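Structure first, then comments.
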Amino acid sequence: MNNFEFHNPVKICFGKGEIAKLPNLVPAKASILLVYGGGSIMKNGIYDQVKNALKGFNIHEFGGIEVNPHYETLMKAVELVKEHRLDYILAVGGGSVLDGAKFIAAAALWEGSDPWDILAKRYQMPVQKALPIGTVLTLPATGSEMNGNSVVTRWETHEKLAFGSPHVLPQFSILDPQVVFSLPPIHISNGIVDAFVHVIEQYLTYPVDSPIQDRFAESILLTLIEEGPKVLKNQTNYEAAANFMWAATMALNGLIGAGVPQDWATHMIGHELTAFHGIDHGQTLCIVLPGLMSLKRKNKEQKLLQFGERIWKITEGTTDEKIDATIARTVQFFESVGIKTKLSDYGVGREVIAKIVDRFASRGVKGIGERGDLTLDQIAEILESRLS
Ligand code: NZQ
Ligand code: ZN
């Protein structure tokens, strides 16, 4: 196992009715910016629950954060924070709203000349401070509620970039599984596959003798495989919703990734598909991953066989046959939860390949993945294999 530090201070309040605990979680003297998305919280009653819980608190509001939150929109929220000297960000929404809140919290205290550098120069100029954040999660998927990551899109240039900092870890996150009841089914599907691929990015690399991490990872995959379809069948099944929600949080809160190599190439390529074509985040992952698994079958051989055997019970055949069956079974799972896996399914053709490769080249990227050896040519090959 590799050396690691693991510190996750996010307080999780999980279960029915936990939103009522907000007044115990937000400091009484806070000047709050309540941020939310396109209005789903108005329709499903979550906004009312939050406002009722926080009666008497000093709250300003900022709605309209888009799916794949836009830098341009978030900067308007930063202006509001500065104008009213707000000192606490409360995010109520899915990953986009939570990620947006993290950017707002960091940008409000950013001392550099250009807040876009939080993303564009994330390694050279790491975030040093941010306003405190609390969250009420309304969509199990990203793990944003219990990690320090944020992904932001600059609309004018169609760039989608991430940053990560311990300063934007939420102080608390409220996870009431009842939020699942009002989700459009496509976002349940996206959430299942997003969480699934988060595990894969931290698991399907090469062995470092880490049985605890491997078995935690496998337990999350199996839970998603078992519980995801139950939620899709009946989204008011509270127990299934609760298990799905907790699995998605555990998939990306640092625990299973501690001390093991991590890939993230599927996410990096997927973000470009969203940036250029607006394909939902979860869908992009299901397009890219099967191609990556096949192309990197030698690098990932041992873990692919372990994944196939322990998750899909694939034990017969040659190594290549077992890997092919593992990939086919994974694609079948994605499709069974309602996510299509080819570029042509989304009306995207070959022209996207050169655009994505050029973009990585323009950023000076030579190789990605757990060994940094997935080249730009191989990225093209993966996308080529996913055309139709
Ligand atoms: O905007 P509103 O009106 O709230 O509607 C949203 C949105 O249309 C709706 N929704 C959310 N909760 C709902 C609901 N509708 C009804 N009932 C509810 N309870 O769902 C739609 C999608 O929401 P969004 O927040 O965009 O989805 P998701 O949670 O999948 O977040 C996606 C974003 O997170 C980033 C993605 O790149 C993407 O930008 N990611 C963040 C990560 C992180 N911070 O660690 C990791 C991930 O890999 C991912 O990259
Ligand atoms: Zn993801």
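Chain labels A, B, ... are given in the sequence in which chains occur in the structure tokens; within each chain residues are numbered consecutively from 1, and ligands are likewise numbered from 1 in the order shown.
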* Please identify all polymer residues within 12 Å of region 14-27 of chain A, counting only C-alpha atoms, omitting same-chain residues fewer than 4 positions from it, and present them as a ChimeraX atom specification. => /A:10,31-34,45-59,87-92,132-138,145,170-180,238-239,241-243,245-246,249
* Just list the residues in region 42-111 of chain A DSSP gives strand (DSSP E) on the backbone, as JSON, numbers by chain. => {"A": [58, 59, 60, 61, 62, 88, 89, 90, 91, 92, 93]}
Taking all heavy atoms for each residue, export the selection above as a PDB file, in the first residue's frame.
ATOM      1  N   ASN A  58     -29.871  35.506   9.003  1.00  0.00           N
ATOM      2  CA  ASN A  58     -29.639  36.533   7.981  1.00  0.00           C
ATOM      3  C   ASN A  58     -29.265  35.848   6.656  1.00  0.00           C
ATOM      4  O   ASN A  58     -28.162  35.336   6.516  1.00  0.00           O
ATOM      5  CB  ASN A  58     -28.504  37.448   8.474  1.00  0.00           C
ATOM      6  CG  ASN A  58     -28.108  38.469   7.433  1.00  0.00           C
ATOM      7  OD1 ASN A  58     -28.858  38.730   6.486  1.00  0.00           O
ATOM      8  ND2 ASN A  58     -26.924  39.042   7.588  1.00  0.00           N
ATOM      9  N   ILE A  59     -30.228  35.824   5.734  1.00  0.00           N
ATOM     10  CA  ILE A  59     -30.021  35.049   4.500  1.00  0.00           C
ATOM     11  C   ILE A  59     -30.224  35.899   3.248  1.00  0.00           C
ATOM     12  O   ILE A  59     -31.264  36.548   3.096  1.00  0.00           O
ATOM     13  CB  ILE A  59     -31.014  33.860   4.418  1.00  0.00           C
ATOM     14  CG1 ILE A  59     -30.920  32.979   5.659  1.00  0.00           C
ATOM     15  CG2 ILE A  59     -30.758  33.030   3.161  1.00  0.00           C
ATOM     16  CD1 ILE A  59     -31.877  31.792   5.650  1.00  0.00           C
ATOM     17  N   HIS A  60     -29.234  35.884   2.368  1.00  0.00           N
ATOM     18  CA  HIS A  60     -29.412  36.376   0.999  1.00  0.00           C
ATOM     19  C   HIS A  60     -29.507  35.135   0.102  1.00  0.00           C
ATOM     20  O   HIS A  60     -29.001  34.080   0.470  1.00  0.00           O
ATOM     21  CB  HIS A  60     -28.222  37.233   0.563  1.00  0.00           C
ATOM     22  CG  HIS A  60     -28.222  38.579   1.200  1.00  0.00           C
ATOM     23  ND1 HIS A  60     -27.967  38.766   2.534  1.00  0.00           N
ATOM     24  CD2 HIS A  60     -28.451  39.807   0.678  1.00  0.00           C
ATOM     25  CE1 HIS A  60     -28.049  40.063   2.809  1.00  0.00           C
ATOM     26  NE2 HIS A  60     -28.340  40.712   1.701  1.00  0.00           N
ATOM     27  N   GLU A  61     -30.108  35.319  -1.064  1.00  0.00           N
ATOM     28  CA  GLU A  61     -30.281  34.141  -1.926  1.00  0.00           C
ATOM     29  C   GLU A  61     -29.709  34.375  -3.309  1.00  0.00           C
ATOM     30  O   GLU A  61     -29.753  35.486  -3.829  1.00  0.00           O
ATOM     31  CB  GLU A  61     -31.785  33.828  -2.060  1.00  0.00           C
ATOM     32  CG  GLU A  61     -32.386  33.363  -0.758  1.00  0.00           C
ATOM     33  CD  GLU A  61     -33.855  32.981  -0.893  1.00  0.00           C
ATOM     34  OE1 GLU A  61     -34.300  32.698  -2.021  1.00  0.00           O
ATOM     35  OE2 GLU A  61     -34.537  32.975   0.143  1.00  0.00           O
ATOM     36  N   PHE A  62     -29.199  33.292  -3.884  1.00  0.00           N
ATOM     37  CA  PHE A  62     -28.724  33.356  -5.266  1.00  0.00           C
ATOM     38  C   PHE A  62     -29.120  32.070  -5.966  1.00  0.00           C
ATOM     39  O   PHE A  62     -28.576  31.001  -5.695  1.00  0.00           O
ATOM     40  CB  PHE A  62     -27.196  33.532  -5.298  1.00  0.00           C
ATOM     41  CG  PHE A  62     -26.651  33.726  -6.687  1.00  0.00           C
ATOM     42  CD1 PHE A  62     -26.581  34.992  -7.252  1.00  0.00           C
ATOM     43  CD2 PHE A  62     -26.239  32.635  -7.448  1.00  0.00           C
ATOM     44  CE1 PHE A  62     -26.098  35.175  -8.539  1.00  0.00           C
ATOM     45  CE2 PHE A  62     -25.753  32.817  -8.736  1.00  0.00           C
ATOM     46  CZ  PHE A  62     -25.681  34.087  -9.278  1.00  0.00           C
ATOM     47  N   TYR A  88     -20.888  33.138   4.878  1.00  0.00           N
ATOM     48  CA  TYR A  88     -21.199  31.708   4.943  1.00  0.00           C
ATOM     49  C   TYR A  88     -21.958  31.331   3.674  1.00  0.00           C
ATOM     50  O   TYR A  88     -22.903  32.013   3.281  1.00  0.00           O
ATOM     51  CB  TYR A  88     -22.074  31.395   6.173  1.00  0.00           C
ATOM     52  CG  TYR A  88     -22.017  29.938   6.578  1.00  0.00           C
ATOM     53  CD1 TYR A  88     -21.127  29.519   7.566  1.00  0.00           C
ATOM     54  CD2 TYR A  88     -22.810  28.975   5.945  1.00  0.00           C
ATOM     55  CE1 TYR A  88     -21.039  28.176   7.925  1.00  0.00           C
ATOM     56  CE2 TYR A  88     -22.719  27.642   6.293  1.00  0.00           C
ATOM     57  CZ  TYR A  88     -21.840  27.248   7.288  1.00  0.00           C
ATOM     58  OH  TYR A  88     -21.743  25.923   7.640  1.00  0.00           O
ATOM     59  N   ILE A  89     -21.553  30.227   3.048  1.00  0.00           N
ATOM     60  CA  ILE A  89     -22.250  29.780   1.827  1.00  0.00           C
ATOM     61  C   ILE A  89     -23.016  28.501   2.159  1.00  0.00           C
ATOM     62  O   ILE A  89     -22.428  27.516   2.612  1.00  0.00           O
ATOM     63  CB  ILE A  89     -21.261  29.476   0.671  1.00  0.00           C
ATOM     64  CG1 ILE A  89     -20.230  30.592   0.483  1.00  0.00           C
ATOM     65  CG2 ILE A  89     -22.029  29.212  -0.625  1.00  0.00           C
ATOM     66  CD1 ILE A  89     -20.773  31.915   0.012  1.00  0.00           C
ATOM     67  N   LEU A  90     -24.321  28.539   1.926  1.00  0.00           N
ATOM     68  CA  LEU A  90     -25.153  27.351   2.118  1.00  0.00           C
ATOM     69  C   LEU A  90     -25.651  26.880   0.751  1.00  0.00           C
ATOM     70  O   LEU A  90     -26.401  27.600   0.080  1.00  0.00           O
ATOM     71  CB  LEU A  90     -26.340  27.665   3.039  1.00  0.00           C
ATOM     72  CG  LEU A  90     -27.296  26.494   3.287  1.00  0.00           C
ATOM     73  CD1 LEU A  90     -26.596  25.353   4.020  1.00  0.00           C
ATOM     74  CD2 LEU A  90     -28.515  26.960   4.084  1.00  0.00           C
ATOM     75  N   ALA A  91     -25.200  25.711   0.344  1.00  0.00           N
ATOM     76  CA  ALA A  91     -25.571  25.184  -0.977  1.00  0.00           C
ATOM     77  C   ALA A  91     -26.706  24.189  -0.824  1.00  0.00           C
ATOM     78  O   ALA A  91     -26.612  23.260  -0.018  1.00  0.00           O
ATOM     79  CB  ALA A  91     -24.369  24.486  -1.604  1.00  0.00           C
ATOM     80  N   VAL A  92     -27.774  24.371  -1.597  1.00  0.00           N
ATOM     81  CA  VAL A  92     -28.893  23.430  -1.565  1.00  0.00           C
ATOM     82  C   VAL A  92     -29.112  22.945  -2.996  1.00  0.00           C
ATOM     83  O   VAL A  92     -29.648  23.669  -3.837  1.00  0.00           O
ATOM     84  CB  VAL A  92     -30.174  24.094  -1.010  1.00  0.00           C
ATOM     85  CG1 VAL A  92     -31.301  23.072  -0.912  1.00  0.00           C
ATOM     86  CG2 VAL A  92     -29.907  24.732   0.352  1.00  0.00           C
ATOM     87  N   GLY A  93     -28.640  21.733  -3.285  1.00  0.00           N
ATOM     88  CA  GLY A  93     -28.785  21.244  -4.649  1.00  0.00           C
ATOM     89  C   GLY A  93     -27.959  20.007  -4.913  1.00  0.00           C
ATOM     90  O   GLY A  93     -27.504  19.326  -3.984  1.00  0.00           O
TER      91      GLY A  93
END
* To do: May I have the residues within 6 Å of ligand 1, computed using only C-alpha atoms and all ligand atoms, as a ChimeraX atom specification?
  => /A:37-41,66-68,93-97,99,138-139,141-144,149-151,179-180,182-184,187,191,281
* How many Å separate CA of Leu255 (chain A) from CA of Leu224 (chain A)? ->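 Those two atoms sit 17.0 Å apart.
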* Nearest residue to Phe4 (chain A) from the set A:Glu83, A:Leu109, A:Val260, A:His167 (distances using only C-alpha atoms) ->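 Once distances to Phe4 (chain A) are computed over only C-alpha atoms, the minimum belongs to A:Val260.
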* Residues within 8 Å of ligand 2, counting only C-alpha atoms and all ligand atoms: report them as a count of residues only. => 10
* **Residues near region 329-333 of chain A, cut-off 8 Å, only C-alpha atoms, skip fewer than 6 positions along chain, as a PyMOL selection string** => chain A and resi 225+286+290+312+341
Take the residues from that selection and put them in a file with all heavy atoms, as a JSON list (two decimals), in the first residue's frame.
[["chain", "number", "residue", "atom", "x", "y", "z"],
["A", 225, "ILE", "N", -24.96, -1.72, -7.86],
["A", 225, "ILE", "CA", -25.55, -2.68, -8.81],
["A", 225, "ILE", "C", -26.87, -3.22, -8.24],
["A", 225, "ILE", "O", -27.85, -3.41, -8.97],
["A", 225, "ILE", "CB", -24.56, -3.83, -9.10],
["A", 225, "ILE", "CG1", -23.36, -3.28, -9.90],
["A", 225, "ILE", "CG2", -25.24, -4.97, -9.83],
["A", 225, "ILE", "CD1", -22.16, -4.23, -9.93],
["A", 286, "CYS", "N", -19.83, 6.76, -19.28],
["A", 286, "CYS", "CA", -20.23, 5.46, -19.85],
["A", 286, "CYS", "C", -19.81, 5.33, -21.30],
["A", 286, "CYS", "O", -19.67, 4.22, -21.82],
["A", 286, "CYS", "CB", -21.74, 5.27, -19.73],
["A", 286, "CYS", "SG", -22.30, 5.29, -18.04],
["A", 290, "PRO", "N", -15.63, 2.07, -21.35],
["A", 290, "PRO", "CA", -15.41, 0.77, -22.01],
["A", 290, "PRO", "C", -14.22, 0.81, -22.97],
["A", 290, "PRO", "O", -13.44, -0.15, -23.04],
["A", 290, "PRO", "CB", -16.73, 0.55, -22.77],
["A", 290, "PRO", "CG", -17.74, 1.38, -22.03],
["A", 290, "PRO", "CD", -17.00, 2.59, -21.56],
["A", 312, "TRP", "N", -18.60, -9.38, -11.40],
["A", 312, "TRP", "CA", -19.48, -9.98, -12.43],
["A", 312, "TRP", "C", -19.39, -11.51, -12.46],
["A", 312, "TRP", "O", -19.98, -12.13, -13.33],
["A", 312, "TRP", "CB", -19.15, -9.40, -13.81],
["A", 312, "TRP", "CG", -19.24, -7.91, -13.92],
["A", 312, "TRP", "CD1", -18.25, -7.06, -14.34],
["A", 312, "TRP", "CD2", -20.37, -7.07, -13.64],
["A", 312, "TRP", "NE1", -18.68, -5.75, -14.33],
["A", 312, "TRP", "CE2", -19.98, -5.72, -13.90],
["A", 312, "TRP", "CE3", -21.67, -7.31, -13.18],
["A", 312, "TRP", "CZ2", -20.84, -4.64, -13.72],
["A", 312, "TRP", "CZ3", -22.52, -6.21, -13.00],
["A", 312, "TRP", "CH2", -22.11, -4.91, -13.27],
["A", 341, "THR", "N", -24.09, 4.24, -24.42],
["A", 341, "THR", "CA", -22.64, 4.22, -24.23],
["A", 341, "THR", "C", -21.82, 4.54, -25.49],
["A", 341, "THR", "O", -20.61, 4.39, -25.49],
["A", 341, "THR", "CB", -22.20, 2.83, -23.72],
["A", 341, "THR", "OG1", -22.54, 1.86, -24.71],
["A", 341, "THR", "CG2", -22.88, 2.46, -22.41]]
* Contact residues around region 315-324 of chain A with only C-alpha atoms at 8 Å, ignoring same-chain residues under 6 positions, as a PyMOL selection string -> chain A and resi 294+297+301+304-305+308-309
With all heavy atoms retained, write the just-selected residues as a CSV table (one decimal), in the first residue's frame.
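Heads up, here's the output in part.csv:
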chain,number,residue,atom,x,y,z
A,294,SER,N,-10.6,-1.4,-22.5
A,294,SER,CA,-10.1,-2.3,-23.5
A,294,SER,C,-8.7,-1.9,-23.9
A,294,SER,O,-7.8,-2.8,-24.0
A,294,SER,CB,-11.1,-2.3,-24.8
A,294,SER,OG,-10.7,-3.2,-25.7
A,297,ARG,N,-5.9,-2.7,-21.3
A,297,ARG,CA,-6.1,-4.1,-20.7
A,297,ARG,C,-4.8,-4.7,-20.2
A,297,ARG,O,-4.8,-5.5,-19.3
A,297,ARG,CB,-6.8,-5.0,-21.7
A,297,ARG,CG,-6.0,-5.3,-23.0
A,297,ARG,CD,-6.8,-6.4,-23.8
A,297,ARG,NE,-8.1,-5.9,-24.2
A,297,ARG,CZ,-9.2,-6.7,-24.4
A,297,ARG,NH1,-9.1,-7.9,-24.1
A,297,ARG,NH2,-10.3,-6.2,-24.8
A,301,GLU,N,-4.4,-5.3,-16.2
A,301,GLU,CA,-4.8,-6.7,-16.4
A,301,GLU,C,-5.3,-7.3,-15.0
A,301,GLU,O,-6.4,-7.9,-14.9
A,301,GLU,CB,-3.7,-7.5,-17.0
A,301,GLU,CG,-4.1,-9.0,-17.2
A,301,GLU,CD,-3.0,-9.8,-17.9
A,301,GLU,OE1,-2.7,-9.4,-19.1
A,301,GLU,OE2,-2.5,-10.7,-17.3
A,304,LEU,N,-8.5,-5.7,-13.7
A,304,LEU,CA,-9.6,-6.1,-14.6
A,304,LEU,C,-10.1,-7.5,-14.3
A,304,LEU,O,-11.3,-7.7,-14.2
A,304,LEU,CB,-9.2,-6.0,-16.1
A,304,LEU,CG,-9.4,-4.6,-16.7
A,304,LEU,CD1,-8.6,-4.6,-18.1
A,304,LEU,CD2,-10.8,-4.3,-16.9
A,305,LEU,N,-9.2,-8.4,-14.1
A,305,LEU,CA,-9.6,-9.8,-13.8
A,305,LEU,C,-10.3,-9.9,-12.4
A,305,LEU,O,-11.3,-10.6,-12.3
A,305,LEU,CB,-8.4,-10.7,-13.9
A,305,LEU,CG,-7.8,-10.9,-15.3
A,305,LEU,CD1,-6.5,-11.7,-15.2
A,305,LEU,CD2,-8.7,-11.6,-16.3
A,308,GLY,N,-13.7,-8.4,-12.8
A,308,GLY,CA,-14.6,-9.3,-13.5
A,308,GLY,C,-15.0,-10.4,-12.6
A,308,GLY,O,-16.2,-10.8,-12.5
A,309,GLU,N,-14.1,-11.0,-11.8
A,309,GLU,CA,-14.4,-12.2,-11.0
A,309,GLU,C,-15.2,-11.8,-9.8
A,309,GLU,O,-16.3,-12.4,-9.5
A,309,GLU,CB,-13.1,-12.8,-10.6
A,309,GLU,CG,-13.3,-14.1,-9.8
A,309,GLU,CD,-12.0,-14.8,-9.5
A,309,GLU,OE1,-11.0,-14.6,-10.1
A,309,GLU,OE2,-12.1,-15.6,-8.5
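CA of Trp116 (chain A) is positioned 17.6 Å from CA of Glu272 (chain A).
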* To do: For CA of Thr157 (chain A) and CA of Phe276 (chain A), determine how far apart the two atoms are, in Å to one decimal place.
  =>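 About the pair CA of Thr157 (chain A) and CA of Phe276 (chain A): they are 9.5 Å apart.
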* Contact residues around region 226-234 of chain A with only C-alpha atoms at 7 Å, ignoring same-chain residues under 4 positions, as a list in words ->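 Skipping anything fewer than 4 positions along the chain leaves Pro185, Ile188, Ile192, Leu222, Ala240, Ala241, Asn243, Phe244 and Val337 of chain A.
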Tell me, as a compact mmCIF listing (two decimals) with N, CA, C and O atoms, in the first residue's frame, which residues lie within 7 Å of Gly291 (chain A), counting only C-alpha atoms; anything in the same chain fewer than 6 positions away does not count.
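Saved file out-v6.txt follows:
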# COMPACT_ATOMS: atom_id res chain seq x y z
N ILE A 382 -9.33 5.65 -28.12
CA ILE A 382 -10.47 5.32 -27.25
C ILE A 382 -11.75 5.92 -27.82
O ILE A 382 -12.77 5.24 -27.95
N SER A 385 -13.00 4.24 -30.88
CA SER A 385 -13.65 2.95 -30.61
C SER A 385 -15.06 3.11 -30.05
O SER A 385 -15.81 2.15 -29.95
N ARG A 386 -15.41 4.34 -29.64
CA ARG A 386 -16.73 4.56 -29.04
C ARG A 386 -17.68 5.32 -29.98
O ARG A 386 -18.74 5.79 -29.55
* Using only C-alpha atoms, which residues sit within 9 Å of Tyr203 (chain A) once same-chain residues fewer than 3 positions away are excluded, as a PyMOL selection string? -> chain A and resi 198-200+206-207+213-214+217-218+256-257+260-263+303+307
* Any chance you could list, as a count of residues only, the residues in region 128-219 of chain A that come up alpha helix (DSSP H) when DSSP is run on the backbone? => 28
* To do: Return the single residue from A:Leu383, A:Ala77, A:Leu252, A:Ile356 that is closest to His158 (chain A), with distances computed using only C-alpha atoms.
  => A:Ile356
* Nearest to Gly270 (chain A), chosen from A:Leu289, A:Gly367, A:Asn190, A:Gln202, with only C-alpha atoms counted in the distances -> A:Leu289
* Asked: So which one's closest to Tyr346 (chain A), A:Gly364, A:Gly254, A:Gly278, A:Gly369? Using only C-alpha atoms, please.
  -> A:Gly278
